[in-house]
Amino acid sequence: MNSTEIKSRIENASALDFGTIFNQSIELFKKVWVQGLVTLLLNMVLAIPVIMVVYIPLLFFGFISALTVSSSYDSYDSYGQSGMSVIMVVVLVIVYVFMIVAMSAIGLGLKAAFYRICKLKDLEQMGREDYFYFFKKPYLGKTIKLGVAFTGIAFLATLLCFLPIIYAVVPLSFIVVVYAFNPDLSISEIIKLGFDLGNKKWLISFGLMIVSGFLAMVTGFLMCGFGLYVTSSFGQLPAYFVYKEVVGFDDENEQMRRIEQLSTF
């Protein structure tokens, strides 16, 4: 399915029923809560190396700074300390940006793979539950670039104060869904279609996100806190059903052929 056809379906989409999508999300959650938990745990595990990469420079410069302070008392050493501080700030900024982009790419890739698993469970298809689908050779570069774009959009919306980020959270969620089922589109097409779908169905999507997220949080707390890890994926399911109702999917045989091809890498 090309971007023109997807855009046409979005523009001609009929009204959606809040209750129907919410009930469908509940039924699908019963089938995919384990996969949602695995996705969350994988996200946490993959974040550990990223955090270590961040802390190693911090520890190194902290050690160097401590040695410099303890052994410097003249003006030349003060100048050296100033230069070291500037270098440390630059390195910290670079490392921080790397961490944000890496975390965004990891989260985006895992969430997109989760949506593909949701499709398998929802349509009762046979296929491999591949959590690393978007970290393989064909899509790794695109996942990283889309993670950079995702972070940039979120950061820009945050800088514009509170209301823009509330608006942007819906299109950003659909960017992941569009990427999950149309990974061969260009990054600009994926972002544009995500915003097109988010604009078209913003109100119902935002309402579903708020209600499902609140329900997941309350249920998680009732399950002694740890349940939050189990129920967190429920908040992601309404976006899947909005996409399914508005855009739909390619020919199922073609989709399964792609899955089998990529599973051999």
# chains A, B, ... in the order shown; residues from 1 in each chain; ligands from 1
call {"tool": "residues_around", "arguments": {"residues": "region 149-153 of chain A", "least_positions_apart": "2", "cutoff": "9 Å", "atoms": "only C-alpha atoms", "output": "ChimeraX atom specification"}}
result
/A:100-101,104-105,108,144-147,155-158,168,172,175,187,191
call {"tool": "write_last_selection", "arguments": {"atoms": "C-alpha atoms", "output": "PDB file, in the first residue's frame"}}
result
ATOM      1  CA  ILE A 100      17.815  10.256  24.210  1.00  0.00           C
ATOM      2  CA  VAL A 101      18.058   9.236  20.547  1.00  0.00           C
ATOM      3  CA  SER A 104      13.812   6.665  21.434  1.00  0.00           C
ATOM      4  CA  ALA A 105      14.956   4.343  18.629  1.00  0.00           C
ATOM      5  CA  LEU A 108      10.076   2.932  18.734  1.00  0.00           C
ATOM      6  CA  ILE A 144      17.347   5.067  14.101  1.00  0.00           C
ATOM      7  CA  LYS A 145      16.527   7.966  11.767  1.00  0.00           C
ATOM      8  CA  LEU A 146      12.851   7.811  12.689  1.00  0.00           C
ATOM      9  CA  GLY A 147      13.875   7.774  16.350  1.00  0.00           C
ATOM     10  CA  PHE A 155      11.428  18.174  21.881  1.00  0.00           C
ATOM     11  CA  LEU A 156      10.177  20.983  19.651  1.00  0.00           C
ATOM     12  CA  ALA A 157       6.609  20.498  20.870  1.00  0.00           C
ATOM     13  CA  THR A 158       7.850  20.600  24.468  1.00  0.00           C
ATOM     14  CA  ALA A 168       1.588  16.102  19.239  1.00  0.00           C
ATOM     15  CA  LEU A 172       3.454  10.706  17.364  1.00  0.00           C
ATOM     16  CA  ILE A 175       3.824   7.497  13.456  1.00  0.00           C
ATOM     17  CA  ILE A 187      10.616   8.607   6.776  1.00  0.00           C
ATOM     18  CA  ILE A 191       5.711  11.160   9.613  1.00  0.00           C
TER      19      ILE A 191
END
call {"tool": "residues_around", "arguments": {"residues": "region 44-56 of chain A", "least_positions_apart": "5", "cutoff": "12 Å", "atoms": "only C-alpha atoms", "output": "PyMOL selection string"}}
result
chain A and resi 37-39+61-63+91-107+109-110+132+135+229
call {"tool": "select_by_dssp", "arguments": {"residues": "region 31-264 of chain A", "states": "helix (DSSP H, G or I)", "output": "number ranges by chain"}}
result
A: 31-71, 75-122, 133-135, 140-159, 162-181, 187-200, 202-222, 227-246, 252-262
call {"tool": "atom_distance", "arguments": {"atom1": "CA of Gly198 (chain A)", "atom2": "CA of Leu41 (chain A)"}}
result
28.0 Å
call {"tool": "closest_residue", "arguments": {"among": "A:Gly235, A:Gly248, A:Gly141, A:Gly36", "to": "Thr219 (chain A)", "atoms": "only C-alpha atoms"}}
result
A:Gly235
call {"tool": "atom_distance", "arguments": {"atom1": "CA of Leu40 (chain A)", "atom2": "CA of Trp202 (chain A)"}}
result
25.8 Å
call {"tool": "atom_distance", "arguments": {"atom1": "CA of Ser14 (chain A)", "atom2": "CA of Leu237 (chain A)"}}
result
19.7 Å
call {"tool": "residues_around", "arguments": {"residues": "Phe22 (chain A)", "least_positions_apart": "4", "cutoff": "12 Å", "atoms": "only C-alpha atoms", "output": "JSON, numbers by chain"}}
result
{"A": [16, 17, 18, 26, 27, 28, 29, 204, 205, 207, 208, 209, 210, 211, 212, 213, 215, 234, 235, 236, 237, 238, 239, 240, 241, 242]}
